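Reading through the structure tokens given below for one structure.
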Amino acid sequence: MNGAMFNSLARFVDKNYPQVSFSDLCQSASLKTNVFAELTWYPDKDFTKMMQALSEQTETELSMLWRDFGQETFTYFADIFGDYMGGIKNFGDLITAVNRIHHDIKHDGLGTPPRLEFRKASPDQFEIRYSSDRKLDDFFLGMLEGATKHFQNDVKILGRKQRGKLIVSIRVKESETVAV
């Protein structure tokens with residue numbers, strides 16, 4: 001997991017759960033540090049343990065916690081990865097950029113990003129098929145929700161499972177074109 005995720009979690013905890021200490025979450029996950037470099041990769045299991053500990057400490061359902069965290073993480077990633085976000089003006093532009101970002105991560109040997117397949121279902125609707133060994137479906141849905149808020153799009157997201165993949169059907173305003 002990228003260090004940016006850990007830093008985003010620290011911000012998320014500080015903002016939404018002031019009664020919880022990020023340092024304590026790190027200790028709960030048996031980590032030796034609570035400082036993470038943005039572009040350094042850390043074991044996925046460490047992050048999963050921290051999210052589980054946060055769920056237990058806040059008595060928040062884990063799937064909702066992942067989704068809420070995803071919403072806020074999109075905004076954080078848009079800020080710290082500004083070089084990717086420069087030309088992105090709407091939700092449709094984002095779709096193209098996500099594949100470029102994931103290609104770069106995989107090409108640079110930095111990790112195994114989720115697999116995203118895009119299909120235009122109608123002039124105002126497209127589908128994203130999401131699959132990942134990490135099983136972060138709720139986080140992905142939250143990221144999509146965060147993106148729609150960020151771009152102030154009128155987007156309806158409907159998620160459903162099909163043969164182990166999350167398929168998200170996204171309806172956008174007719175005036176917005178989506179290149180897939």
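By order of appearance in the structure tokens: chains A, B, ..., then residues from 1 within every chain, and ligands from 1 in the order shown.
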In stretch 19-156 of chain A, DSSP strand (DSSP E) residues written as a ChimeraX atom specification
/A:115-122,125-131,156
Considering only C-alpha atoms, give me a table of residues in stretch 33-53 of chain A that are at most 12 Å from stretch 61-67 of chain A, with the closest atom pair and distance in Å for each, as a tab-separated table.
residue	atom	partner	partner_atom	distance
A:Phe47	CA	A:Trp66	CA	11.4
A:Thr48	CA	A:Trp66	CA	10.1
A:Lys49	CA	A:Leu62	CA	11.3
A:Met50	CA	A:Leu62	CA	11.0
A:Met51	CA	A:Leu62	CA	7.4
A:Gln52	CA	A:Leu62	CA	6.8
A:Ala53	CA	A:Leu62	CA	9.6
May I have the residues within 10 Å of A:His102 as a ChimeraX atom specification, using only C-alpha atoms and disregarding those fewer than 4 positions away in the same chain?
/A:97-98,106-108,110-116
Selected residues written out, N, CA and C atoms, as an mmCIF file, in the first residue's frame:
data_model
loop_
_atom_site.group_PDB
_atom_site.id
_atom_site.type_symbol
_atom_site.label_atom_id
_atom_site.label_comp_id
_atom_site.auth_asym_id
_atom_site.auth_seq_id
_atom_site.Cartn_x
_atom_site.Cartn_y
_atom_site.Cartn_z
ATOM 1 N N ALA A 97 -7.433 9.465 -16.982
ATOM 2 C CA ALA A 97 -6.253 9.650 -16.133
ATOM 3 C C ALA A 97 -6.024 8.475 -15.181
ATOM 4 N N VAL A 98 -7.096 7.866 -14.708
ATOM 5 C CA VAL A 98 -6.951 6.749 -13.770
ATOM 6 C C VAL A 98 -6.158 5.613 -14.409
ATOM 7 N N LYS A 106 2.184 0.367 -12.158
ATOM 8 C CA LYS A 106 2.567 -0.999 -12.523
ATOM 9 C C LYS A 106 3.890 -1.001 -13.297
ATOM 10 N N HIS A 107 4.030 -0.076 -14.238
ATOM 11 C CA HIS A 107 5.242 0.013 -15.061
ATOM 12 C C HIS A 107 6.478 0.274 -14.209
ATOM 13 N N ASP A 108 6.347 1.106 -13.195
ATOM 14 C CA ASP A 108 7.470 1.445 -12.319
ATOM 15 C C ASP A 108 7.735 0.380 -11.252
ATOM 16 N N LEU A 110 5.863 -0.394 -8.719
ATOM 17 C CA LEU A 110 5.537 0.128 -7.391
ATOM 18 C C LEU A 110 4.394 -0.616 -6.709
ATOM 19 N N GLY A 111 3.753 -1.500 -7.416
ATOM 20 C CA GLY A 111 2.645 -2.213 -6.800
ATOM 21 C C GLY A 111 1.731 -2.777 -7.866
ATOM 22 N N THR A 112 0.671 -3.396 -7.411
ATOM 23 C CA THR A 112 -0.314 -3.965 -8.324
ATOM 24 C C THR A 112 -1.613 -3.193 -8.148
ATOM 25 N N PRO A 113 -1.856 -2.226 -9.026
ATOM 26 C CA PRO A 113 -3.087 -1.439 -8.895
ATOM 27 C C PRO A 113 -4.303 -2.280 -9.278
ATOM 28 N N PRO A 114 -5.480 -1.808 -8.900
ATOM 29 C CA PRO A 114 -6.692 -2.528 -9.302
ATOM 30 C C PRO A 114 -6.848 -2.500 -10.811
ATOM 31 N N ARG A 115 -7.587 -3.469 -11.301
ATOM 32 C CA ARG A 115 -7.888 -3.519 -12.733
ATOM 33 C C ARG A 115 -9.224 -2.831 -12.970
ATOM 34 N N LEU A 116 -9.219 -1.889 -13.894
ATOM 35 C CA LEU A 116 -10.432 -1.154 -14.231
ATOM 36 C C LEU A 116 -10.699 -1.328 -15.718
#
Give me, as a VMD selection string, all polymer residues having an atom no more than 12 Å from stretch 27-40 of chain A, counting only C-alpha atoms and skipping those fewer than 5 positions away in the same chain.
chain A and resid 1 to 10 20 to 22 45 to 57 76 to 77 80 to 81 105 108 to 111
Could you give me the residues within chain A that DSSP places in helix (DSSP H, G or I), as a ChimeraX atom specification?
/A:3-16,22-28,44-58,62-80,82-85,91-107,137-150
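Straight-line separation from atom CA of A:Met85 to atom CA of A:Thr73: 14.2 Å.
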